[in-house]
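What follows is the content of work_28.pdb (PDB, C-alpha atoms).
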```pdb
ATOM      1  CA  MET A  16     -29.581 -33.950  -8.410
ATOM      2  CA  SER A  17     -25.963 -33.033  -9.065
ATOM      3  CA  ARG A  18     -24.275 -29.928  -7.800
ATOM      4  CA  ALA A  19     -23.458 -27.100 -10.136
ATOM      5  CA  GLY A  20     -19.931 -27.647 -11.315
ATOM      6  CA  GLY A  21     -19.959 -31.366 -10.410
ATOM      7  CA  SER A  22     -21.136 -34.473 -12.212
ATOM      8  CA  ASP A  23     -24.357 -36.456 -12.249
ATOM      9  CA  ARG A  24     -24.608 -40.146 -11.366
ATOM     10  CA  SER A  25     -23.735 -41.239 -14.874
ATOM     11  CA  GLY A  26     -20.378 -39.535 -14.538
ATOM     12  CA  ARG A  27     -21.173 -36.868 -17.152
ATOM     13  CA  ARG A  28     -20.039 -33.379 -16.256
ATOM     14  CA  SER A  29     -22.789 -30.878 -15.697
ATOM     15  CA  PRO A  30     -22.939 -27.818 -18.000
ATOM     16  CA  ALA A  31     -21.546 -25.474 -15.361
ATOM     17  CA  SER A  32     -18.328 -27.524 -15.134
ATOM     18  CA  ARG A  33     -17.559 -27.865 -18.831
ATOM     19  CA  PRO A  34     -14.295 -26.219 -19.852
ATOM     20  CA  ARG A  35     -14.630 -22.805 -21.455
ATOM     21  CA  THR A  36     -14.314 -22.650 -25.200
ATOM     22  CA  ASP A  37     -12.995 -19.750 -27.229
ATOM     23  CA  ARG A  38     -15.383 -16.873 -27.349
ATOM     24  CA  PRO A  39     -17.183 -16.464 -30.655
ATOM     25  CA  LEU A  40     -16.170 -13.473 -32.714
ATOM     26  CA  PRO A  41     -18.507 -10.487 -32.346
ATOM     27  CA  ARG A  42     -21.184 -10.009 -34.981
ATOM     28  CA  GLU A  43     -20.883  -6.251 -34.691
ATOM     29  CA  VAL A  44     -18.334  -3.674 -33.583
ATOM     30  CA  ARG A  45     -18.795  -0.156 -32.265
ATOM     31  CA  LEU A  46     -16.913   2.923 -33.372
ATOM     32  CA  ILE A  47     -15.155   4.309 -30.328
ATOM     33  CA  GLY A  48     -14.626   7.988 -31.100
ATOM     34  CA  GLY A  49     -15.533  11.002 -33.173
ATOM     35  CA  LEU A  50     -18.716  11.908 -35.007
ATOM     36  CA  TRP A  51     -20.163   8.377 -35.038
ATOM     37  CA  LYS A  52     -18.996   7.290 -31.589
ATOM     38  CA  ARG A  53     -20.900   4.187 -30.419
ATOM     39  CA  SER A  54     -22.350   3.568 -33.898
ATOM     40  CA  LYS A  55     -22.420  -0.132 -34.778
ATOM     41  CA  LEU A  56     -20.901  -1.829 -37.804
ATOM     42  CA  PRO A  57     -22.019  -5.350 -38.755
ATOM     43  CA  VAL A  58     -19.448  -8.140 -38.870
ATOM     44  CA  ALA A  59     -20.304 -10.806 -41.448
ATOM     45  CA  ASP A  60     -19.920 -14.485 -40.585
ATOM     46  CA  ILE A  61     -17.101 -15.101 -43.053
ATOM     47  CA  PRO A  62     -14.101 -17.367 -42.347
ATOM     48  CA  GLY A  63     -10.994 -15.344 -41.580
ATOM     49  CA  LEU A  64     -12.849 -12.079 -40.921
ATOM     50  CA  ARG A  65     -11.512 -10.752 -37.631
ATOM     51  CA  PRO A  66     -12.494  -7.177 -36.759
ATOM     52  CA  THR A  67      -9.895  -5.087 -34.980
ATOM     53  CA  PRO A  68     -10.747  -5.181 -31.246
ATOM     54  CA  ASP A  69     -11.841  -1.978 -29.498
ATOM     55  CA  ARG A  70      -8.747  -1.968 -27.310
ATOM     56  CA  VAL A  71      -6.411  -2.207 -30.301
ATOM     57  CA  ARG A  72      -8.238   0.569 -32.177
ATOM     58  CA  GLU A  73      -8.100   2.766 -29.101
ATOM     59  CA  THR A  74      -4.331   2.247 -28.884
ATOM     60  CA  LEU A  75      -3.894   3.088 -32.569
ATOM     61  CA  PHE A  76      -5.824   6.337 -32.408
ATOM     62  CA  ASN A  77      -4.081   7.331 -29.193
ATOM     63  CA  TRP A  78      -0.852   7.024 -31.178
ATOM     64  CA  LEU A  79      -2.200   8.984 -34.135
ATOM     65  CA  GLY A  80      -4.112  11.622 -32.202
ATOM     66  CA  HIS A  81      -7.880  11.875 -32.157
ATOM     67  CA  ASP A  82      -8.279  14.637 -34.766
ATOM     68  CA  LEU A  83      -7.631  13.457 -38.327
ATOM     69  CA  ARG A  84      -9.180  16.439 -40.102
ATOM     70  CA  GLY A  85      -7.757  16.839 -43.591
ATOM     71  CA  TRP A  86      -6.185  13.369 -43.724
ATOM     72  CA  ARG A  87      -6.330  11.095 -46.748
ATOM     73  CA  VAL A  88      -6.686   7.491 -45.569
ATOM     74  CA  LEU A  89      -6.468   4.118 -47.305
ATOM     75  CA  ASP A  90      -7.940   1.045 -45.575
ATOM     76  CA  ALA A  91      -6.522  -1.669 -47.812
ATOM     77  CA  PHE A  92      -8.150  -4.798 -46.319
ATOM     78  CA  ALA A  93     -11.331  -3.186 -45.088
ATOM     79  CA  GLY A  94     -13.371  -6.201 -43.929
ATOM     80  CA  SER A  95     -15.938  -4.773 -41.511
ATOM     81  CA  GLY A  96     -14.598  -1.261 -42.131
ATOM     82  CA  ALA A  97     -13.862  -0.711 -38.428
ATOM     83  CA  LEU A  98     -10.520   1.007 -39.057
ATOM     84  CA  GLY A  99     -11.547   3.100 -42.061
ATOM     85  CA  PHE A 100     -14.863   4.272 -40.603
ATOM     86  CA  GLU A 101     -13.079   5.071 -37.328
ATOM     87  CA  ALA A 102     -10.730   7.358 -39.252
ATOM     88  CA  ALA A 103     -13.650   9.023 -41.035
ATOM     89  CA  SER A 104     -15.481   9.445 -37.745
ATOM     90  CA  ARG A 105     -12.467  11.369 -36.457
ATOM     91  CA  GLY A 106     -12.456  13.838 -39.339
ATOM     92  CA  ALA A 107     -10.484  12.253 -42.213
ATOM     93  CA  THR A 108     -11.687  13.955 -45.384
ATOM     94  CA  ASP A 109     -11.002  11.168 -47.892
ATOM     95  CA  VAL A 110     -11.162   7.502 -46.862
ATOM     96  CA  MET A 111     -10.816   4.713 -49.429
ATOM     97  CA  LEU A 112     -11.966   1.236 -48.373
ATOM     98  CA  LEU A 113     -10.663  -1.674 -50.454
ATOM     99  CA  GLU A 114     -12.305  -5.090 -50.216
ATOM    100  CA  ARG A 115     -12.565  -7.955 -52.687
ATOM    101  CA  ASP A 116     -15.384 -10.005 -51.098
ATOM    102  CA  ALA A 117     -18.700  -9.040 -52.706
ATOM    103  CA  ALA A 118     -20.760  -9.580 -49.539
ATOM    104  CA  LEU A 119     -18.399  -7.423 -47.490
ATOM    105  CA  VAL A 120     -18.417  -4.705 -50.142
ATOM    106  CA  ALA A 121     -22.233  -4.620 -49.960
ATOM    107  CA  SER A 122     -22.050  -4.408 -46.151
ATOM    108  CA  LEU A 123     -19.535  -1.559 -46.326
ATOM    109  CA  GLN A 124     -21.707   0.334 -48.780
ATOM    110  CA  SER A 125     -24.709  -0.160 -46.502
ATOM    111  CA  SER A 126     -22.778   1.212 -43.514
ATOM    112  CA  GLN A 127     -21.568   4.123 -45.610
ATOM    113  CA  ALA A 128     -25.132   5.038 -46.567
ATOM    114  CA  ARG A 129     -26.524   4.556 -43.047
ATOM    115  CA  LEU A 130     -23.885   6.799 -41.478
ATOM    116  CA  GLY A 131     -24.022   9.370 -44.271
ATOM    117  CA  ALA A 132     -20.274   8.946 -44.637
ATOM    118  CA  THR A 133     -19.704  11.148 -47.675
ATOM    119  CA  ALA A 134     -15.911  11.116 -47.155
ATOM    120  CA  VAL A 135     -15.830   7.314 -47.528
ATOM    121  CA  ARG A 136     -15.454   5.501 -50.836
ATOM    122  CA  VAL A 137     -15.726   1.734 -51.255
ATOM    123  CA  GLU A 138     -14.059  -0.184 -54.070
ATOM    124  CA  ARG A 139     -14.201  -3.894 -54.776
ATOM    125  CA  CYS A 140     -10.720  -5.012 -55.770
ATOM    126  CA  ASP A 141      -7.614  -6.930 -54.773
ATOM    127  CA  ALA A 142      -5.783  -4.658 -52.342
ATOM    128  CA  LEU A 143      -2.250  -5.551 -53.446
ATOM    129  CA  ALA A 144      -3.089  -5.048 -57.117
ATOM    130  CA  TRP A 145      -4.795  -1.714 -56.373
ATOM    131  CA  MET A 146      -1.813  -0.453 -54.389
ATOM    132  CA  ALA A 147       0.545  -1.473 -57.189
ATOM    133  CA  ARG A 148      -1.539   0.562 -59.660
ATOM    134  CA  GLY A 149      -1.905   3.564 -57.342
ATOM    135  CA  ALA A 150       1.775   4.470 -57.078
ATOM    136  CA  ASP A 151       1.062   8.101 -58.021
ATOM    137  CA  GLN A 152      -1.252   8.584 -55.020
ATOM    138  CA  ARG A 153      -0.178   9.679 -51.545
ATOM    139  CA  PHE A 154      -1.988   9.024 -48.280
ATOM    140  CA  ASP A 155      -1.486  10.411 -44.797
ATOM    141  CA  LEU A 156      -2.443   7.043 -43.318
ATOM    142  CA  VAL A 157      -2.470   3.543 -44.804
ATOM    143  CA  LEU A 158      -4.250   0.880 -42.729
ATOM    144  CA  LEU A 159      -3.246  -2.757 -43.246
ATOM    145  CA  ASP A 160      -5.095  -5.578 -41.520
ATOM    146  CA  PRO A 161      -4.771  -8.565 -43.877
ATOM    147  CA  PRO A 162      -5.874 -12.091 -42.899
ATOM    148  CA  PHE A 163      -3.269 -13.422 -40.499
ATOM    149  CA  ASP A 164      -2.980 -16.789 -42.274
ATOM    150  CA  ALA A 165      -2.525 -15.372 -45.790
ATOM    151  CA  ALA A 166       1.153 -14.291 -45.577
ATOM    152  CA  LEU A 167       0.225 -10.838 -46.878
ATOM    153  CA  ALA A 168       1.739  -8.622 -44.188
ATOM    154  CA  GLY A 169       5.154  -8.271 -45.817
ATOM    155  CA  PRO A 170       3.961  -7.698 -49.404
ATOM    156  CA  ALA A 171       1.267  -5.295 -48.200
ATOM    157  CA  LEU A 172       3.796  -3.236 -46.246
ATOM    158  CA  VAL A 173       6.080  -3.001 -49.287
ATOM    159  CA  ALA A 174       3.153  -1.786 -51.414
ATOM    160  CA  ALA A 175       1.999   0.692 -48.771
ATOM    161  CA  ALA A 176       5.483   2.207 -48.453
ATOM    162  CA  ARG A 177       5.103   3.556 -51.998
ATOM    163  CA  LEU A 178       1.799   5.264 -51.183
ATOM    164  CA  VAL A 179       2.390   6.945 -47.838
ATOM    165  CA  ALA A 180       3.278  10.627 -47.846
ATOM    166  CA  PRO A 181       6.502  11.741 -46.132
ATOM    167  CA  GLY A 182       5.636  12.106 -42.474
ATOM    168  CA  GLY A 183       2.511   9.984 -42.930
ATOM    169  CA  PHE A 184       1.824   6.663 -41.251
ATOM    170  CA  VAL A 185       1.383   3.007 -42.171
ATOM    171  CA  TYR A 186      -0.378   0.838 -39.600
ATOM    172  CA  LEU A 187       0.071  -2.939 -39.775
ATOM    173  CA  GLU A 188      -1.879  -5.500 -37.781
ATOM    174  CA  SER A 189      -0.583  -9.077 -37.817
ATOM    175  CA  GLY A 190      -0.179 -12.224 -35.784
ATOM    176  CA  GLU A 191       3.593 -11.821 -35.517
ATOM    177  CA  PRO A 192       5.610  -8.589 -35.720
ATOM    178  CA  LEU A 193       7.638  -7.879 -38.824
ATOM    179  CA  VAL A 194      11.318  -7.300 -38.076
ATOM    180  CA  ASN A 195      12.213  -6.153 -41.611
ATOM    181  CA  TRP A 196      10.455  -3.414 -43.569
ATOM    182  CA  PRO A 197      11.044  -1.104 -46.535
ATOM    183  CA  ALA A 198      13.776   1.501 -46.067
ATOM    184  CA  ARG A 199      11.272   4.289 -46.728
ATOM    185  CA  LEU A 200       9.566   3.401 -43.451
ATOM    186  CA  GLY A 201      10.698   3.716 -39.856
ATOM    187  CA  LEU A 202       9.093   1.966 -36.913
ATOM    188  CA  HIS A 203       7.284   4.540 -34.780
ATOM    189  CA  ARG A 204       5.294   2.483 -32.243
ATOM    190  CA  ALA A 205       4.579  -1.191 -31.559
ATOM    191  CA  ALA A 206       2.390  -3.109 -29.135
ATOM    192  CA  ARG A 207       0.778  -6.471 -28.543
ATOM    193  CA  ALA A 208      -2.713  -7.239 -27.284
ATOM    194  CA  GLY A 209      -3.375 -10.968 -27.011
ATOM    195  CA  ALA A 210      -2.902 -12.496 -30.464
ATOM    196  CA  VAL A 211      -2.719  -9.119 -32.222
ATOM    197  CA  CYS A 212       0.562  -7.355 -32.964
ATOM    198  CA  SER A 213       0.266  -3.677 -33.921
ATOM    199  CA  GLN A 214       3.061  -1.756 -35.648
ATOM    200  CA  LEU A 215       2.910   1.881 -36.687
ATOM    201  CA  PHE A 216       5.475   3.071 -39.236
ATOM    202  CA  VAL A 217       6.264   6.600 -40.353
ATOM    203  CA  GLY A 218       7.110   7.448 -43.961
ATOM    204  CA  HIS A 219      10.416   9.088 -44.886
ATOM    205  CA  ALA A 220      10.969  11.444 -47.811
ATOM    206  CA  VAL A 221      13.973   9.328 -48.845
ATOM    207  CA  ALA A 222      15.094   5.858 -47.896
ATOM    208  CA  SER A 223      16.751   5.774 -44.502
ATOM    209  CA  PRO A 224      19.845   3.560 -44.177
ATOM    210  CA  ILE A 225      19.037   2.789 -40.537
ATOM    211  CA  SER A 226      15.290   2.111 -40.600
ATOM    212  CA  GLY A 227      15.062  -1.191 -42.439
ATOM    213  CA  THR A 228      15.453  -3.696 -39.634
ATOM    214  CA  ALA A 229      15.097  -3.935 -35.885
ATOM    215  CA  THR A 230      14.389  -6.265 -33.017
ATOM    216  CA  LEU A 231      11.210  -5.366 -31.168
ATOM    217  CA  PRO A 232      11.461  -5.034 -27.399
ATOM    218  CA  PRO A 233       9.593  -7.644 -25.367
ATOM    219  CA  PRO A 234       5.961  -6.693 -24.668
ATOM    220  CA  THR A 235       5.006  -5.261 -21.309
ATOM    221  CA  PRO A 236       2.611  -7.337 -19.157
ATOM    222  CA  GLU A 237      -0.161  -4.866 -20.039
ATOM    223  CA  GLU A 238       0.470  -5.298 -23.776
ATOM    224  CA  GLU A 239       0.623  -9.078 -23.449
ATOM    225  CA  ALA A 240      -2.739  -9.356 -21.670
ATOM    226  CA  PRO A 241      -5.559 -10.811 -23.826
TER     227      PRO A 241
END
```

Would you write out, as structure tokens, the structure that this file holds?
Amino acid sequence: MSRAGGSDRSGRRSPASRPRTDRPLPREVRLIGGLWKRSKLPVADIPGLRPTPDRVRETLFNWLGHDLRGWRVLDAFAGSGALGFEAASRGATDVMLLERDAALVASLQSSQARLGATAVRVERCDALAWMARGADQRFDLVLLDPPFDAALAGPALVAAARLVAPGGFVYLESGEPLVNWPARLGLHRAARAGAVCSQLFVGHAVASPISGTATLPPPTPEEEAP
């Protein structure tokens, strides 16, 4: 009999000593605040779907404040809906979830019905095309969490800059921070948590000549921790 963490006589490593592999993505996420705190949202097994981690959502809503009553919110790449439903849970009165995958749209609609989320609307569409058509609308918060490998962060931020109200916010989640952004936006907060870079921009009434580019400071050890 081999010891735990050793090898048997054939030279094969025992299960306890095998190197750790990456943790599988969660199949559900919990809302972390507001009316539906601790309610679960399903996460479909779809390539590229990566729900925003609890820690990252907590950081975002610490930045925004926990009371979003009266806010109009757009979640442009809704996926599991974790960001949009979190905003609705905290009092946002109008939350639009955009998603183009039919299975995810059905899941979002199911979560909407189960929670009784009357402030939430779900629309199946291409997010960039929808934002291009919705230039006459204004939102207090635009949430952007596109697939990291799809090169959508820059185009999505440009589209969102046209939709955010002056003084409103655009939140971008990406694998690498953007160092250039539309002049109508100014960088308000930024952080890293493992592989996730979070940037929160504030909308200006007019283009600012000094807000279009910056170098982000290096992350703190706490922000860099996985």

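When CA of Ser104 (chain A) is paired with CA of Lys52 (chain A), their separation reads 7.4 Å.
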
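Taking CA of Ala171 (chain A) and CA of Gly96 (chain A) as endpoints, the distance between them is 17.5 Å.
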
*Work out how far apart CA of Pro181 (chain A) and CA of Leu167 (chain A) are and give it in Å to one decimal.*
23.4 Å

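Residues in contact with His203 (chain A) at up to 9 Å, not including ones fewer than 3 positions away on its chain and judged by only C-alpha atoms, are Phe184, Gln214, Leu215, Phe216 and Val217 of chain A.
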
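If you measure from each of A:Phe76, A:Trp145, A:Phe154, A:Phe100 to Arg129 (chain A) using all atoms listed in the file, the closest one turns out to be A:Phe100.
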
Can you list what the PyMOL selection byres ((chain A and resi 107-116) around 6) grabs from this structure, as a PDB file with C-alpha atoms, in the coordinates of the input?
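For reference, out-v4.pdb as written:
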```pdb
ATOM      1  CA  LEU A  83      -7.631  13.457 -38.327  1.00  0.00           C
ATOM      2  CA  ARG A  84      -9.180  16.439 -40.102  1.00  0.00           C
ATOM      3  CA  GLY A  85      -7.757  16.839 -43.591  1.00  0.00           C
ATOM      4  CA  TRP A  86      -6.185  13.369 -43.724  1.00  0.00           C
ATOM      5  CA  ARG A  87      -6.330  11.095 -46.748  1.00  0.00           C
ATOM      6  CA  VAL A  88      -6.686   7.491 -45.569  1.00  0.00           C
ATOM      7  CA  LEU A  89      -6.468   4.118 -47.305  1.00  0.00           C
ATOM      8  CA  ASP A  90      -7.940   1.045 -45.575  1.00  0.00           C
ATOM      9  CA  ALA A  91      -6.522  -1.669 -47.812  1.00  0.00           C
ATOM     10  CA  PHE A  92      -8.150  -4.798 -46.319  1.00  0.00           C
ATOM     11  CA  ALA A  93     -11.331  -3.186 -45.088  1.00  0.00           C
ATOM     12  CA  ALA A 102     -10.730   7.358 -39.252  1.00  0.00           C
ATOM     13  CA  ALA A 103     -13.650   9.023 -41.035  1.00  0.00           C
ATOM     14  CA  GLY A 106     -12.456  13.838 -39.339  1.00  0.00           C
ATOM     15  CA  ALA A 117     -18.700  -9.040 -52.706  1.00  0.00           C
ATOM     16  CA  ALA A 118     -20.760  -9.580 -49.539  1.00  0.00           C
ATOM     17  CA  LEU A 119     -18.399  -7.423 -47.490  1.00  0.00           C
ATOM     18  CA  ALA A 134     -15.911  11.116 -47.155  1.00  0.00           C
ATOM     19  CA  VAL A 135     -15.830   7.314 -47.528  1.00  0.00           C
ATOM     20  CA  ARG A 136     -15.454   5.501 -50.836  1.00  0.00           C
ATOM     21  CA  VAL A 137     -15.726   1.734 -51.255  1.00  0.00           C
ATOM     22  CA  GLU A 138     -14.059  -0.184 -54.070  1.00  0.00           C
ATOM     23  CA  ARG A 139     -14.201  -3.894 -54.776  1.00  0.00           C
ATOM     24  CA  CYS A 140     -10.720  -5.012 -55.770  1.00  0.00           C
ATOM     25  CA  ASP A 141      -7.614  -6.930 -54.773  1.00  0.00           C
TER      26      ASP A 141
END
```

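Closest approach to Pro162 (chain A) among A:Leu50, A:Val211, A:Ala97, A:Leu130: A:Val211, based on only C-alpha atoms.
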
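Here the PyMOL selection byres ((chain A and resi 70) around 12) catches exactly these residues: Val44, Arg45, Leu46, Ile47, Pro66, Thr67, Pro68, Asp69, Val71, Arg72, Glu73, Thr74, Leu75, Phe76, Asn77, Ala206, Arg207, Ala208, Gly209, Val211, Ser213, Glu237, Glu238, Ala240 and Pro241 of chain A.
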
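This file, queried with the PyMOL selection byres ((chain A and resi 160) around 6), gives the residues A:Phe92, A:Leu159, A:Pro161, A:Glu188.
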
Restricting the output to C-alpha atoms, write the selected residues as a CSV table (one decimal), keeping the file's coordinate frame.
```csv
chain,number,residue,atom,x,y,z
A,92,PHE,CA,-8.2,-4.8,-46.3
A,159,LEU,CA,-3.2,-2.8,-43.2
A,161,PRO,CA,-4.8,-8.6,-43.9
A,188,GLU,CA,-1.9,-5.5,-37.8
```

Place a sphere of radius 8 Å on (1.3, -16.2, -38.2) in the file coordinates and name every protein, DNA or RNA residue with an atom inside or on its surface, counting all atoms listed in the file; give the answer as a short mmCIF file (atom, residue, chain, number, x, y, z; two decimals) with C-alpha atoms, in the frame of the given file.
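After the write, out.cif holds the following:
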```cif
data_model
loop_
_atom_site.label_atom_id
_atom_site.label_comp_id
_atom_site.auth_asym_id
_atom_site.auth_seq_id
_atom_site.Cartn_x
_atom_site.Cartn_y
_atom_site.Cartn_z
CA PHE A 163 -3.27 -13.42 -40.50
CA ASP A 164 -2.98 -16.79 -42.27
CA ALA A 166 1.15 -14.29 -45.58
CA SER A 189 -0.58 -9.08 -37.82
CA GLY A 190 -0.18 -12.22 -35.78
CA GLU A 191 3.59 -11.82 -35.52
#
```

Emit as JSON the padded axis-aligned box for all listed atoms of region 140-154 of chain A, 6 Å per side, with centre and edge lengths in Å to one decimal.
```
{"center_x": -4.5, "center_y": 1.4, "center_z": -54.0, "size_x": 24.5, "size_y": 28.6, "size_z": 23.4}
```

_Around (8.3, -6.9, -39.3), as given in the file, which residues come within 12 Å? Count all atoms listed in the file and list them as a ChimeraX atom specification._
/A:167-173,186-197,200-202,205,212-216,226-231

Atoms kept (C-alpha atoms) for selection, written as a compact mmCIF listing (two decimals), in the frame of the given file:
```
# COMPACT_ATOMS: atom_id res chain seq x y z
CA LEU A 167 0.22 -10.84 -46.88
CA ALA A 168 1.74 -8.62 -44.19
CA GLY A 169 5.15 -8.27 -45.82
CA PRO A 170 3.96 -7.70 -49.40
CA ALA A 171 1.27 -5.30 -48.20
CA LEU A 172 3.80 -3.24 -46.25
CA VAL A 173 6.08 -3.00 -49.29
CA TYR A 186 -0.38 0.84 -39.60
CA LEU A 187 0.07 -2.94 -39.78
CA GLU A 188 -1.88 -5.50 -37.78
CA SER A 189 -0.58 -9.08 -37.82
CA GLY A 190 -0.18 -12.22 -35.78
CA GLU A 191 3.59 -11.82 -35.52
CA PRO A 192 5.61 -8.59 -35.72
CA LEU A 193 7.64 -7.88 -38.82
CA VAL A 194 11.32 -7.30 -38.08
CA ASN A 195 12.21 -6.15 -41.61
CA TRP A 196 10.46 -3.41 -43.57
CA PRO A 197 11.04 -1.10 -46.54
CA LEU A 200 9.57 3.40 -43.45
CA GLY A 201 10.70 3.72 -39.86
CA LEU A 202 9.09 1.97 -36.91
CA ALA A 205 4.58 -1.19 -31.56
CA CYS A 212 0.56 -7.36 -32.96
CA SER A 213 0.27 -3.68 -33.92
CA GLN A 214 3.06 -1.76 -35.65
CA LEU A 215 2.91 1.88 -36.69
CA PHE A 216 5.48 3.07 -39.24
CA SER A 226 15.29 2.11 -40.60
CA GLY A 227 15.06 -1.19 -42.44
CA THR A 228 15.45 -3.70 -39.63
CA ALA A 229 15.10 -3.94 -35.88
CA THR A 230 14.39 -6.26 -33.02
CA LEU A 231 11.21 -5.37 -31.17
```

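Taking only C-alpha atoms into account, Ala132 (chain A) lies nearest to A:Trp51 out of the set A:Ala165, A:Asp82, A:Trp51, A:Asp155.
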
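Distances from A:Leu123, A:Ala198, A:Leu156, A:Ala147 to Ala180 (chain A) were compared using only C-alpha atoms, and the smallest one belongs to A:Leu156.
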